[in-house]
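Here is the file query38.txt (compact mmCIF, C-alpha atoms).
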# COMPACT_ATOMS: atom_id res chain seq x y z
CA MET A 1 11.29 -4.09 8.68
CA GLN A 2 11.69 -7.82 8.25
CA PHE A 3 15.39 -8.24 7.83
CA ALA A 4 14.70 -11.92 7.24
CA ALA A 5 13.96 -10.72 3.73
CA LEU A 6 17.60 -9.76 3.49
CA GLY A 7 18.84 -13.01 4.93
CA ALA A 8 19.09 -11.83 8.53
CA ASN A 9 16.78 -12.41 11.47
CA ALA A 10 17.39 -9.33 13.58
CA LEU A 11 17.71 -5.60 13.23
CA PRO A 12 21.23 -4.55 12.30
CA GLU A 13 23.57 -3.37 15.02
CA GLY A 14 23.25 0.36 15.47
CA PHE A 15 19.82 0.50 13.88
CA GLU A 16 18.29 3.94 14.35
CA PRO A 17 14.51 4.01 14.20
CA ASP A 18 13.04 6.92 12.30
CA PRO A 19 12.09 9.50 14.97
CA PHE A 20 9.12 10.65 12.88
CA HIS A 21 5.88 8.92 11.93
CA ILE A 22 5.34 7.99 8.32
CA LEU A 23 2.91 10.43 6.77
CA VAL A 24 0.92 8.17 4.46
CA GLU A 25 -0.21 4.84 5.94
CA ASN A 26 -2.45 3.69 3.12
CA ILE A 27 -4.29 4.86 0.01
CA GLY A 28 -7.54 3.83 -1.67
CA VAL A 29 -10.06 5.06 -4.23
CA ASP A 30 -13.83 4.93 -3.77
CA SER A 31 -16.53 4.42 -6.39
CA GLU A 32 -16.80 8.18 -6.96
CA GLY A 33 -13.13 8.47 -7.87
CA ASN A 34 -12.17 10.10 -4.57
CA LEU A 35 -8.71 9.33 -3.26
CA TRP A 36 -8.65 8.29 0.42
CA VAL A 37 -5.29 8.80 2.13
CA GLN A 38 -4.91 7.33 5.61
CA ARG A 39 -2.62 9.36 7.83
CA GLY A 40 0.25 7.55 9.53
CA THR A 41 0.53 10.19 12.20
CA GLU A 42 -2.68 9.50 14.12
CA VAL A 43 -3.40 7.06 16.93
CA ASN A 44 -6.86 6.36 15.50
CA PRO A 45 -7.61 6.04 11.77
CA VAL A 46 -7.98 9.40 10.02
CA PHE A 47 -8.31 9.92 6.26
CA ASP A 48 -7.77 12.90 4.01
CA VAL A 49 -10.02 12.76 0.97
CA PHE A 50 -9.04 14.24 -2.41
CA ASP A 51 -11.39 14.55 -5.36
CA SER A 52 -10.63 13.21 -8.82
CA GLU A 53 -8.61 16.33 -9.63
CA GLY A 54 -6.43 16.02 -6.53
CA ILE A 55 -8.16 18.75 -4.52
CA HIS A 56 -8.43 18.13 -0.76
CA VAL A 57 -12.17 18.02 -0.03
CA ALA A 58 -12.63 16.37 3.37
CA THR A 59 -11.15 14.74 6.42
CA ALA A 60 -12.85 11.64 7.85
CA GLU A 61 -12.36 9.62 11.03
CA PHE A 62 -13.07 5.90 11.37
CA PRO A 63 -15.38 5.34 14.36
CA GLN A 64 -13.18 2.73 16.01
CA THR A 65 -10.06 3.33 18.06
CA GLY A 66 -6.64 1.77 17.78
CA LYS A 67 -3.66 2.00 15.49
CA PHE A 68 -3.80 -1.53 14.11
CA TRP A 69 -6.79 -0.99 11.82
CA GLN A 70 -6.11 -1.75 8.18
CA PHE A 71 -8.26 -0.72 5.21
CA SER A 72 -8.84 -1.68 1.64
CA ILE A 73 -10.82 1.09 -0.06
CA THR A 74 -11.71 0.26 -3.66
CA PRO A 75 -14.31 1.31 -6.24
CA TYR A 76 -15.88 -2.12 -5.81
CA GLY A 77 -16.29 -2.01 -2.02
CA SER A 78 -14.32 -1.21 1.10
CA LEU A 79 -13.03 -3.40 3.89
CA ALA A 80 -11.56 -2.88 7.34
CA TRP A 81 -9.85 -5.26 9.71
CA ASN A 82 -7.84 -5.03 12.90
CA ASN A 83 -4.39 -6.57 12.72
CA ASP A 84 -4.20 -6.95 16.49
CA PRO A 85 -7.72 -7.38 17.92
CA LEU A 86 -8.14 -7.79 21.68
CA SER A 87 -10.10 -10.99 21.11
CA GLY A 88 -7.26 -12.51 19.09
CA ILE A 89 -9.71 -13.27 16.28
CA GLN A 90 -9.65 -11.11 13.19
CA LYS A 91 -12.93 -10.03 11.65
CA LEU A 92 -13.29 -8.49 8.23
CA TYR A 93 -15.76 -5.63 8.07
CA MET A 94 -17.44 -4.31 4.95
CA ILE A 95 -17.74 -0.57 5.41
CA ASP A 96 -19.88 2.14 3.84
CA LEU A 97 -17.90 5.30 3.22
CA PRO A 98 -19.58 8.62 3.98
CA VAL A 99 -20.78 10.64 1.00
CA ILE A 100 -18.25 13.37 0.22
CA SER A 101 -19.95 16.67 -0.54
CA ARG A 102 -18.02 19.22 -2.57
CA MET B 1 -18.78 4.56 8.17
CA ILE B 2 -21.18 1.76 9.04
CA GLN B 3 -20.21 -1.83 9.65
CA ARG B 4 -22.45 -3.99 7.51
CA CYS B 5 -21.24 -7.51 8.12
CA GLN B 6 -18.49 -9.51 9.70
CA ILE B 7 -16.50 -12.35 8.24
CA ILE B 8 -14.13 -14.16 10.58
CA THR B 9 -10.78 -14.70 8.92
CA ARG B 10 -7.26 -15.82 9.59
CA LYS B 11 -4.32 -13.49 9.08
CA LEU B 12 -4.99 -10.92 6.38
CA GLY B 13 -2.07 -9.54 4.48
CA LEU B 14 -1.18 -6.96 1.90
CA GLY B 15 -0.81 -7.53 -1.84
CA MET B 16 -4.38 -8.32 -2.78
CA SER B 17 -6.79 -6.53 -5.06
CA VAL B 18 -10.36 -7.00 -6.21
CA MET B 19 -10.55 -7.10 -10.00
CA PRO B 20 -13.26 -5.30 -11.97
CA GLU B 21 -15.11 -8.52 -12.80
CA GLY B 22 -15.11 -9.57 -9.13
CA ASN B 23 -12.17 -11.95 -9.08
CA ILE B 24 -9.50 -11.44 -6.43
CA MET B 25 -5.79 -11.12 -7.18
CA ILE B 26 -3.40 -12.09 -4.39
CA LYS B 27 0.38 -11.95 -4.27
CA ASP B 28 1.75 -15.18 -2.82
CA MET B 29 5.16 -14.40 -1.33
CA HIS B 30 5.89 -18.06 -0.58
CA LYS B 31 5.41 -19.15 -4.19
CA GLN B 32 6.61 -15.83 -5.65
CA SER B 33 3.48 -15.69 -7.75
CA VAL B 34 0.31 -13.74 -8.31
CA ILE B 35 -2.81 -15.90 -8.05
CA VAL B 36 -6.24 -15.00 -9.38
CA PHE B 37 -9.16 -16.45 -7.45
CA SER B 38 -12.83 -16.40 -8.37
CA GLU B 39 -15.35 -14.93 -5.94
CA SER B 40 -15.99 -18.47 -4.70
CA GLY B 41 -12.28 -19.07 -4.02
CA GLU B 42 -11.50 -21.16 -7.09
CA ASN B 43 -7.90 -20.82 -8.30
CA ILE B 44 -8.33 -19.47 -11.84
CA GLU B 45 -4.84 -18.46 -12.87
CA GLU B 46 -1.38 -18.35 -11.40
CA LEU B 47 1.28 -15.99 -12.72
CA VAL B 48 4.70 -17.36 -11.88
CA ASP B 49 7.17 -16.25 -14.54
CA TRP B 50 8.36 -13.07 -12.91
CA LEU B 51 11.92 -12.01 -13.62
CA LEU B 52 12.94 -11.98 -9.94
CA PHE B 53 9.80 -11.76 -7.85
CA PRO B 54 6.28 -10.42 -8.38
CA PRO B 55 5.73 -6.68 -8.28
CA ALA B 56 4.88 -5.16 -4.90
CA SER B 57 1.65 -3.38 -3.97
CA ILE B 58 -0.25 -4.91 -6.87
CA THR B 59 -3.53 -3.40 -7.99
CA ALA B 60 -5.85 -4.73 -10.70
CA LEU B 61 -6.46 -2.56 -13.75
CA GLY B 62 -8.60 -4.87 -15.85
CA GLU B 63 -9.07 -8.49 -16.73
CA ASN B 64 -5.46 -8.94 -17.88
CA LEU B 65 -3.66 -5.90 -16.54
CA LEU B 66 -2.19 -4.99 -13.20
CA ALA B 67 -0.04 -2.23 -11.79
CA GLY B 68 2.65 -2.83 -9.21
CA CYS B 69 6.08 -1.74 -8.13
CA GLU B 70 9.16 -3.20 -9.72
CA PHE B 71 12.13 -3.24 -7.33
CA LYS B 72 15.77 -3.16 -8.34
CA PHE B 73 18.70 -3.08 -5.98
CA ASP B 74 22.06 -1.43 -6.45
CA MET B 75 24.99 -0.56 -4.28
CA THR B 76 27.65 2.12 -4.03
CA ASP B 77 30.75 2.06 -1.81
CA SER B 78 28.76 3.47 1.09
CA HIS B 79 25.08 3.05 0.35
CA MET B 80 22.47 0.59 -0.78
CA LEU B 81 20.02 1.85 -3.37
CA ILE B 82 16.51 0.61 -3.96
CA ILE B 83 15.04 1.75 -7.24
CA ILE B 84 11.26 1.57 -7.19
CA ARG B 85 9.33 1.78 -10.45
CA PRO B 86 5.54 1.81 -10.29
CA SER B 87 4.71 0.00 -13.53
CA LEU B 88 1.99 -1.45 -15.71
CA TYR B 89 2.06 -5.21 -16.39
CA SER B 90 0.02 -7.47 -18.60
CA PHE B 91 -0.65 -11.03 -17.46
CA SER B 92 1.22 -12.39 -20.48
CA ASN B 93 4.49 -10.55 -19.90
CA PRO B 94 6.65 -10.64 -16.75
CA SER B 95 8.39 -7.41 -17.80
CA PRO B 96 6.65 -4.08 -17.29
CA GLU B 97 4.79 -2.69 -20.29
CA TYR B 98 5.96 0.71 -19.07
CA SER B 99 6.88 2.48 -15.84
CA TYR B 100 5.03 5.50 -14.56
CA PHE B 101 7.81 6.87 -12.41
CA SER B 102 11.14 6.08 -10.77
CA ASP B 103 11.68 6.51 -7.06
CA THR B 104 14.95 5.82 -5.24
CA LEU B 105 15.64 4.93 -1.63
CA MET B 106 19.16 5.16 -0.30
CA PHE B 107 20.46 3.91 3.04
CA ASN B 108 23.69 2.87 4.73
CA LEU B 109 25.16 -0.51 3.84
CA ASP B 110 24.84 -1.63 7.47
CA GLY B 111 21.09 -0.99 7.31
CA SER B 112 21.19 1.33 10.32
CA ASP B 113 18.94 3.88 8.60
CA ALA B 114 16.94 1.49 6.44
CA PRO B 115 13.21 2.13 5.99
CA ILE B 116 11.05 0.18 8.42
CA SER B 117 8.20 -1.92 7.12
CA ALA B 118 6.41 -4.93 8.55
CA GLU B 119 6.47 -6.45 5.08
CA GLY B 120 10.17 -6.03 4.43
CA LEU B 121 11.95 -3.65 2.11
CA THR B 122 9.25 -3.95 -0.52
CA GLY B 123 6.53 -3.01 1.98
CA VAL B 124 7.25 0.69 1.80
CA THR B 125 5.18 1.28 -1.33
CA LEU B 126 1.45 1.92 -1.73
CA MET B 127 -0.51 1.59 -4.95
CA THR B 128 -4.16 1.59 -5.90
CA SER B 129 -6.30 2.18 -8.99
CA ASP B 130 -9.81 3.15 -10.03
CA GLN B 131 -12.39 2.09 -12.62
CA ASP B 132 -10.97 4.48 -15.21
CA GLY B 133 -7.53 2.91 -15.09
CA ARG B 134 -6.01 5.71 -13.10
CA VAL B 135 -3.10 4.52 -10.96
CA PHE B 136 -2.03 6.01 -7.64
CA TYR B 137 1.35 5.63 -5.94
CA SER B 138 2.79 6.76 -2.65
CA ARG B 139 5.63 5.67 -0.42
CA LYS B 140 5.66 5.23 3.33
CA SER B 141 7.92 8.08 4.32
CA SER B 142 8.26 10.36 7.31
CA TYR B 143 9.36 13.38 5.30
CA GLU B 144 7.07 13.34 2.27
CA GLY B 145 3.33 12.71 2.19
CA VAL B 146 2.55 12.81 -1.52
CA VAL B 147 0.32 10.63 -3.69
CA HIS B 148 0.96 10.67 -7.44
CA CYS B 149 -1.81 9.86 -9.93
CA TRP B 150 -1.40 8.81 -13.58
CA ASP B 151 -3.92 7.98 -16.28
CA ILE B 152 -4.00 4.66 -18.15
CA GLU B 153 -1.58 6.09 -20.73
CA GLY B 154 0.97 6.90 -18.03
CA SER B 155 0.52 10.68 -18.03
CA LEU B 156 0.78 12.35 -14.63
CA LEU B 157 -2.61 13.83 -13.67
CA PHE B 158 -1.78 15.29 -10.25
CA SER B 159 0.31 14.94 -7.11
CA ALA B 160 -1.71 15.36 -3.90
CA SER B 161 0.09 16.40 -0.71
CA LEU B 162 -1.20 15.74 2.78
CA PRO B 163 -2.05 18.99 4.56
CA MET B 164 -0.01 18.29 7.68
CA PRO B 165 3.49 18.61 9.12
CA LYS B 166 5.88 15.90 10.24
CA VAL B 167 4.96 14.35 13.60
CA GLU B 168 7.61 13.17 16.04
CA LYS B 169 7.22 9.78 17.70
CA THR B 170 7.07 9.53 21.49
CA GLU B 171 9.87 7.68 23.31
CA GLN B 172 7.49 4.76 23.82
CA GLU B 173 6.65 4.63 20.13
CA ILE B 174 10.34 4.59 19.23
CA LEU B 175 10.89 1.71 21.67
CA GLU B 176 8.00 -0.22 20.11

Written form, structure tokens:
Amino acid sequence: MQFAALGANALPEGFEPDPFHILVENIGVDSEGNLWVQRGTEVNPVFDVFDSEGIHVATAEFPQTGKFWQFSITPYGSLAWNNDPLSGIQKLYMIDLPVISR
Amino acid sequence: MIQRCQIITRKLGLGMSVMPEGNIMIKDMHKQSVIVFSESGENIEELVDWLLFPPASITALGENLLAGCEFKFDMTDSHMLIIIRPSLYSFSNPSPEYSYFSDTLMFNLDGSDAPISAEGLTGVTLMTSDQDGRVFYSRKSSYEGVVHCWDIEGSLLFSASLPMPKVEKTEQEILE
């Protein structure tokens, strides 16, 4: 948390980090109306996919490792980028999502 | 997933959304505005007249509509309250047209149990939308993994829950 947003520059005294991972890291919707929910509990990117009625239909893994990958999944196209690449240079990737069979 | 192309960029942040006609909407925290860029990067429109600051987790719903989270803060004797309202906005009105939902976060006044987010207190929300105007909302939380979905009229369509239990952090992860 950026406490600078509250007018402070450091974590408050006695701050207790949450001992559990957040469950939902990110959400997106593809061109088929499927909801992609990125888990916050995995070291590498994993998504649960729900159809347009909210039924869980698939689980998908991104074929790159690391917990700093970020995603923008939209009906108009999907992007991925690493917030902390080893090279120090960020690259934006256009990605093709796998077809979800029901 | 197949990588198709690479574009080298500088720091990429949150608060941006591709609009149906191909323009890109970006929340500018420094200017407290929402800026609409064309595909070629031309600044088309800048929305600045927000009541306090622009909504968080903005997502485009059409040429002149967006959804985002309105934040309000309140305080009791012992706790700070953050009231989060995922809402629909038109470009011509800084007040929400309507709110889909109301979510409340509560933590100690000293901030010792405040929610962690790299983007500050307003970075705990997630929103997205689809071509039919459906809006999705979730919150970064360690005890609830639910995504709510509403139609363009604001009616709740479903709430999808992640099929997994809570996962404890390692000691190293807590230190980080």

Practice prompt. Return the neighbours of chain B among the residues of chain A, cut-off 7 Å, counting all atoms listed in the file, as an MDAnalysis selection string.
Written response: chainID A and resid 1:3 5 12 14:17 19:29 33 41 53:54 62 75 90:98

Fill in: Pairwise distance for atom CA of A:Trp36 and atom CA of B:Ser33, rounded to one decimal in Å
28.1 Å

Worksheet item: Smallest atom-to-atom distance to B:Phe91: which of B:Asp77, B:Gly133, B:Val34, B:Asn108, using all atoms listed in the file?
Response: B:Val34

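Closest approach to B:Leu109 among B:Ser78, B:Val48, B:Ile83, B:Glu97 is made by B:Ser78 (distances from all atoms listed in the file).
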
Worksheet item: Can you tell me how far atom CA of B:Ile24 sits from atom CA of B:Phe37, in Å to one decimal?
Response: 5.1 Å

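Of note, atom CA of B:Ala56 and atom CA of B:Ser90 are spaced 14.7 Å apart.
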
What box, with edges along x, y and z, holds each listed atom of stretch 97-100 of chain A when 6 Å is added on every side, and can you state its centre and edge lengths in Å to one decimal, as AutoDock Vina command-line options?
--center_x -19.3 --center_y 9.3 --center_z 2.1 --size_x 14.9 --size_y 20.1 --size_z 15.8

Item to complete: Show which residues sit within 12 Å of B:Asn23, as an MDAnalysis selection string. Count only C-alpha atoms, and ignore same-chain residues fewer than 4 positions away.
Response: (chainID A and resid 76) or (chainID B and resid 16:19 35:45 60:64)

Rebuild stretch 57-86 of chain B to N, CA and C atoms - output it as a PDB file, in the frame of the given file, please.
ATOM      1  N   SER B  57       2.818  -4.272  -4.042  1.00  0.00           N
ATOM      2  CA  SER B  57       1.650  -3.380  -3.970  1.00  0.00           C
ATOM      3  C   SER B  57       0.773  -3.498  -5.213  1.00  0.00           C
ATOM      4  N   ILE B  58       0.494  -4.710  -5.624  1.00  0.00           N
ATOM      5  CA  ILE B  58      -0.250  -4.910  -6.870  1.00  0.00           C
ATOM      6  C   ILE B  58      -1.675  -4.369  -6.771  1.00  0.00           C
ATOM      7  N   THR B  59      -2.154  -3.869  -7.907  1.00  0.00           N
ATOM      8  CA  THR B  59      -3.530  -3.400  -7.990  1.00  0.00           C
ATOM      9  C   THR B  59      -4.063  -3.751  -9.378  1.00  0.00           C
ATOM     10  N   ALA B  60      -5.283  -4.279  -9.431  1.00  0.00           N
ATOM     11  CA  ALA B  60      -5.850  -4.730 -10.700  1.00  0.00           C
ATOM     12  C   ALA B  60      -6.299  -3.539 -11.532  1.00  0.00           C
ATOM     13  N   LEU B  61      -6.046  -3.632 -12.846  1.00  0.00           N
ATOM     14  CA  LEU B  61      -6.460  -2.560 -13.750  1.00  0.00           C
ATOM     15  C   LEU B  61      -7.464  -3.037 -14.785  1.00  0.00           C
ATOM     16  N   GLY B  62      -7.693  -4.309 -14.862  1.00  0.00           N
ATOM     17  CA  GLY B  62      -8.600  -4.870 -15.850  1.00  0.00           C
ATOM     18  C   GLY B  62      -8.455  -6.370 -15.801  1.00  0.00           C
ATOM     19  N   GLU B  63      -9.076  -7.031 -16.766  1.00  0.00           N
ATOM     20  CA  GLU B  63      -9.070  -8.490 -16.730  1.00  0.00           C
ATOM     21  C   GLU B  63      -7.656  -9.053 -16.863  1.00  0.00           C
ATOM     22  N   ASN B  64      -6.804  -8.400 -17.644  1.00  0.00           N
ATOM     23  CA  ASN B  64      -5.460  -8.940 -17.880  1.00  0.00           C
ATOM     24  C   ASN B  64      -4.357  -7.916 -17.622  1.00  0.00           C
ATOM     25  N   LEU B  65      -4.652  -6.928 -16.829  1.00  0.00           N
ATOM     26  CA  LEU B  65      -3.660  -5.900 -16.540  1.00  0.00           C
ATOM     27  C   LEU B  65      -3.565  -5.672 -15.038  1.00  0.00           C
ATOM     28  N   LEU B  66      -2.365  -5.383 -14.595  1.00  0.00           N
ATOM     29  CA  LEU B  66      -2.190  -4.990 -13.200  1.00  0.00           C
ATOM     30  C   LEU B  66      -1.096  -3.936 -13.141  1.00  0.00           C
ATOM     31  N   ALA B  67      -1.129  -3.158 -12.073  1.00  0.00           N
ATOM     32  CA  ALA B  67      -0.040  -2.230 -11.790  1.00  0.00           C
ATOM     33  C   ALA B  67       0.626  -2.675 -10.492  1.00  0.00           C
ATOM     34  N   GLY B  68       1.894  -2.446 -10.408  1.00  0.00           N
ATOM     35  CA  GLY B  68       2.650  -2.830  -9.210  1.00  0.00           C
ATOM     36  C   GLY B  68       4.019  -2.216  -9.278  1.00  0.00           C
ATOM     37  N   CYS B  69       4.754  -2.360  -8.206  1.00  0.00           N
ATOM     38  CA  CYS B  69       6.080  -1.740  -8.130  1.00  0.00           C
ATOM     39  C   CYS B  69       7.176  -2.749  -8.439  1.00  0.00           C
ATOM     40  N   GLU B  70       7.973  -2.409  -9.418  1.00  0.00           N
ATOM     41  CA  GLU B  70       9.160  -3.200  -9.720  1.00  0.00           C
ATOM     42  C   GLU B  70      10.299  -2.690  -8.829  1.00  0.00           C
ATOM     43  N   PHE B  71      11.014  -3.608  -8.203  1.00  0.00           N
ATOM     44  CA  PHE B  71      12.130  -3.240  -7.330  1.00  0.00           C
ATOM     45  C   PHE B  71      13.447  -3.688  -7.957  1.00  0.00           C
ATOM     46  N   LYS B  72      14.411  -2.788  -7.940  1.00  0.00           N
ATOM     47  CA  LYS B  72      15.770  -3.160  -8.340  1.00  0.00           C
ATOM     48  C   LYS B  72      16.718  -2.663  -7.258  1.00  0.00           C
ATOM     49  N   PHE B  73      17.765  -3.408  -7.049  1.00  0.00           N
ATOM     50  CA  PHE B  73      18.700  -3.080  -5.980  1.00  0.00           C
ATOM     51  C   PHE B  73      20.072  -2.764  -6.586  1.00  0.00           C
ATOM     52  N   ASP B  74      20.725  -1.795  -5.998  1.00  0.00           N
ATOM     53  CA  ASP B  74      22.060  -1.430  -6.450  1.00  0.00           C
ATOM     54  C   ASP B  74      22.875  -1.014  -5.228  1.00  0.00           C
ATOM     55  N   MET B  75      24.140  -0.844  -5.413  1.00  0.00           N
ATOM     56  CA  MET B  75      24.990  -0.560  -4.280  1.00  0.00           C
ATOM     57  C   MET B  75      26.115   0.387  -4.706  1.00  0.00           C
ATOM     58  N   THR B  76      26.445   1.323  -3.830  1.00  0.00           N
ATOM     59  CA  THR B  76      27.650   2.120  -4.030  1.00  0.00           C
ATOM     60  C   THR B  76      28.635   1.698  -2.948  1.00  0.00           C
ATOM     61  N   ASP B  77      29.773   2.401  -2.844  1.00  0.00           N
ATOM     62  CA  ASP B  77      30.750   2.060  -1.810  1.00  0.00           C
ATOM     63  C   ASP B  77      30.171   2.226  -0.416  1.00  0.00           C
ATOM     64  N   SER B  78      29.240   3.149  -0.261  1.00  0.00           N
ATOM     65  CA  SER B  78      28.760   3.470   1.090  1.00  0.00           C
ATOM     66  C   SER B  78      27.260   3.290   1.277  1.00  0.00           C
ATOM     67  N   HIS B  79      26.534   3.088   0.209  1.00  0.00           N
ATOM     68  CA  HIS B  79      25.080   3.050   0.350  1.00  0.00           C
ATOM     69  C   HIS B  79      24.459   1.919  -0.475  1.00  0.00           C
ATOM     70  N   MET B  80      23.291   1.504  -0.005  1.00  0.00           N
ATOM     71  CA  MET B  80      22.470   0.590  -0.780  1.00  0.00           C
ATOM     72  C   MET B  80      21.357   1.412  -1.417  1.00  0.00           C
ATOM     73  N   LEU B  81      21.065   1.118  -2.651  1.00  0.00           N
ATOM     74  CA  LEU B  81      20.020   1.850  -3.370  1.00  0.00           C
ATOM     75  C   LEU B  81      18.878   0.895  -3.712  1.00  0.00           C
ATOM     76  N   ILE B  82      17.685   1.350  -3.501  1.00  0.00           N
ATOM     77  CA  ILE B  82      16.510   0.610  -3.960  1.00  0.00           C
ATOM     78  C   ILE B  82      15.819   1.497  -4.976  1.00  0.00           C
ATOM     79  N   ILE B  83      15.728   0.995  -6.184  1.00  0.00           N
ATOM     80  CA  ILE B  83      15.040   1.750  -7.240  1.00  0.00           C
ATOM     81  C   ILE B  83      13.643   1.163  -7.397  1.00  0.00           C
ATOM     82  N   ILE B  84      12.658   2.011  -7.166  1.00  0.00           N
ATOM     83  CA  ILE B  84      11.260   1.570  -7.190  1.00  0.00           C
ATOM     84  C   ILE B  84      10.603   2.158  -8.430  1.00  0.00           C
ATOM     85  N   ARG B  85      10.022   1.289  -9.256  1.00  0.00           N
ATOM     86  CA  ARG B  85       9.330   1.780 -10.450  1.00  0.00           C
ATOM     87  C   ARG B  85       7.891   1.297 -10.454  1.00  0.00           C
ATOM     88  N   PRO B  86       6.948   2.168 -10.111  1.00  0.00           N
ATOM     89  CA  PRO B  86       5.540   1.810 -10.290  1.00  0.00           C
ATOM     90  C   PRO B  86       5.295   1.581 -11.776  1.00  0.00           C
TER      91      PRO B  86
END
